[in-house]
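Below: the structure, in structure tokens.
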Amino acid sequence: MDKMDGLRERWLVPGEDLQDAFDVRIDVFCREQGYTVDMELDGLDPLSDHLVLYDGELPAATGRLFMIGDGTYGIGRVAVRKSYRGQGLGARMLSLLIERAGEKGAAAIELDAQCRAMGFYRKFGFEPMGEEHMDGPIPHKKMKKLL
């Protein structure tokens with residue numbers, strides 16, 4: 001069965017319970033990639049809009065959108081549970097996050113991509129900027145897209 005069928009999306013805005021988003025992120029970033037929970041959950045969480053894609057009641061993917069300033073928004077913590085990868089959830093998630101940024105009046109969007117995922121973000125018009133750096137155990141590079 002195509003896992004894209006029957007998926008529903010839900011935006012969690014500041015003040016709402018973020019546990020479903022956290023569950024996906026802890027599964028992907030902590031259990032799979034070696035980040036600690038203290039590294040993963042941060043002060044941007046209560047200030048961000050979080051998108052969660054659900055398969056029934058199970059949160060399958062998540063990402064967040066936050067204001068950086070001067071018309072720039074940030075996208076971060078884009079995560080898809082292992083059993084849902086290769087089904088287009090990451091692309092759907094990123095498209096919806098970009099759309100939401102545009103609705104909020106963003107002129108630009110920045111993100112901090114894992115280097116191995118840069119090709120994915122390039123497909124959506126993001127271009128690398130600055131030097132490669134380590135975020136926890138994984139090399140990253142900042143990327144930007146003008147809207």
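We label chains A, B, ... in the order they appear in the structure tokens, count residues from 1 in each chain, and number ligands from 1 in the order shown.
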
(message) At a cut-off of 9 Å, using only C-alpha atoms, what residues contact Gly71 (chain A)? Leave out same-chain residues fewer than 5 positions from it and give the result as a ChimeraX atom specification.
(response) /A:105-109

(message) Please identify the strand (DSSP E or B) residues within chain A (assignment by DSSP from backbone atoms) and present them as a count of residues only.
(response) 59

Per residue of region 16-63 of chain A within 8 Å of region 115-138 of chain A, which atom pair is closest and at what distance in Å (one decimal), using only C-alpha atoms, listed by chain and increasing number, as JSON lines?
```
{"residue": "A:Gln33", "atom": "CA", "partner": "A:Pro137", "partner_atom": "CA", "distance": 7.9}
{"residue": "A:Gly34", "atom": "CA", "partner": "A:Pro137", "partner_atom": "CA", "distance": 7.1}
{"residue": "A:Tyr35", "atom": "CA", "partner": "A:Gly136", "partner_atom": "CA", "distance": 6.5}
{"residue": "A:Met39", "atom": "CA", "partner": "A:Gly136", "partner_atom": "CA", "distance": 7.9}
```

Selection export as a PDB file, in the first residue's frame, atoms kept: all heavy atoms:
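Wrote selection_11.pdb, looks like this:
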```
ATOM      1  N   GLN A  33      20.311   8.635  14.930  1.00  0.00           N
ATOM      2  CA  GLN A  33      21.476   9.425  14.538  1.00  0.00           C
ATOM      3  C   GLN A  33      22.402   9.815  15.689  1.00  0.00           C
ATOM      4  O   GLN A  33      23.434  10.431  15.456  1.00  0.00           O
ATOM      5  CB  GLN A  33      21.021  10.676  13.774  1.00  0.00           C
ATOM      6  CG  GLN A  33      20.304  10.324  12.490  1.00  0.00           C
ATOM      7  CD  GLN A  33      19.863  11.539  11.699  1.00  0.00           C
ATOM      8  OE1 GLN A  33      20.071  12.678  12.095  1.00  0.00           O
ATOM      9  NE2 GLN A  33      19.246  11.298  10.554  1.00  0.00           N
ATOM     10  N   GLY A  34      22.032   9.509  16.919  1.00  0.00           N
ATOM     11  CA  GLY A  34      22.950   9.708  18.023  1.00  0.00           C
ATOM     12  C   GLY A  34      22.895  11.039  18.740  1.00  0.00           C
ATOM     13  O   GLY A  34      23.745  11.322  19.584  1.00  0.00           O
ATOM     14  N   TYR A  35      21.911  11.877  18.433  1.00  0.00           N
ATOM     15  CA  TYR A  35      21.750  13.110  19.201  1.00  0.00           C
ATOM     16  C   TYR A  35      21.141  12.779  20.561  1.00  0.00           C
ATOM     17  O   TYR A  35      20.390  11.810  20.694  1.00  0.00           O
ATOM     18  CB  TYR A  35      20.816  14.093  18.471  1.00  0.00           C
ATOM     19  CG  TYR A  35      21.428  14.716  17.254  1.00  0.00           C
ATOM     20  CD1 TYR A  35      21.341  14.086  16.013  1.00  0.00           C
ATOM     21  CD2 TYR A  35      22.093  15.929  17.325  1.00  0.00           C
ATOM     22  CE1 TYR A  35      21.909  14.650  14.885  1.00  0.00           C
ATOM     23  CE2 TYR A  35      22.661  16.499  16.203  1.00  0.00           C
ATOM     24  CZ  TYR A  35      22.560  15.865  14.985  1.00  0.00           C
ATOM     25  OH  TYR A  35      23.122  16.421  13.870  1.00  0.00           O
ATOM     26  N   MET A  39      20.046  17.854  23.173  1.00  0.00           N
ATOM     27  CA  MET A  39      20.509  18.516  21.949  1.00  0.00           C
ATOM     28  C   MET A  39      19.345  18.738  20.983  1.00  0.00           C
ATOM     29  O   MET A  39      19.301  19.726  20.269  1.00  0.00           O
ATOM     30  CB  MET A  39      21.568  17.667  21.237  1.00  0.00           C
ATOM     31  CG  MET A  39      22.887  17.545  21.968  1.00  0.00           C
ATOM     32  SD  MET A  39      23.935  16.253  21.263  1.00  0.00           S
ATOM     33  CE  MET A  39      24.436  16.986  19.722  1.00  0.00           C
TER      34      MET A  39
END
```

(message) List as an MDAnalysis selection string the protein and nucleic acid residues near Arg31 (chain A), meaning an atom at most 12 Å away when only C-alpha atoms are counted, but skip any in the same chain fewer than 6 places from it.
(response) chainID A and resid 23:25 37 40 81:82

(message) One number please: CA of Ala21 (chain A) to CA of Leu53 (chain A), in Å, one decimal.
(response) 9.1 Å

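Close contacts of Asp112 (chain A), defined as residues with an atom at most 9 Å away when counting only C-alpha atoms, with chain neighbours fewer than 6 positions off set aside, comprise A:Gly74, A:Ile75, A:Gly76, A:His140, A:Lys141, A:Lys142, A:Met143, A:Lys144.
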
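Nearest to Asp49 (chain A) of all the residues A:Asp27, A:Leu89, A:Ser95, A:Ala101 is A:Ala101, based on only C-alpha atoms.
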
(message) Quick one: residues within 6 Å of His50 (chain A), only C-alpha atoms, excluding same-chain residues fewer than 6 positions away - as a list in words?
(response) Trp11, Leu12, Gly63 and Arg64 of chain A

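Atom pair CA of Ile98 (chain A) / CA of Ile26 (chain A) has a distance of 23.2 Å (rounded to one decimal).
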
(request) Among the residues of chain A, find those DSSP assigns to helix (DSSP H, G or I) from the backbone and print them as a ChimeraX atom specification. (result) /A:19-32,37-40,45-47,82-84,89-103,115-122
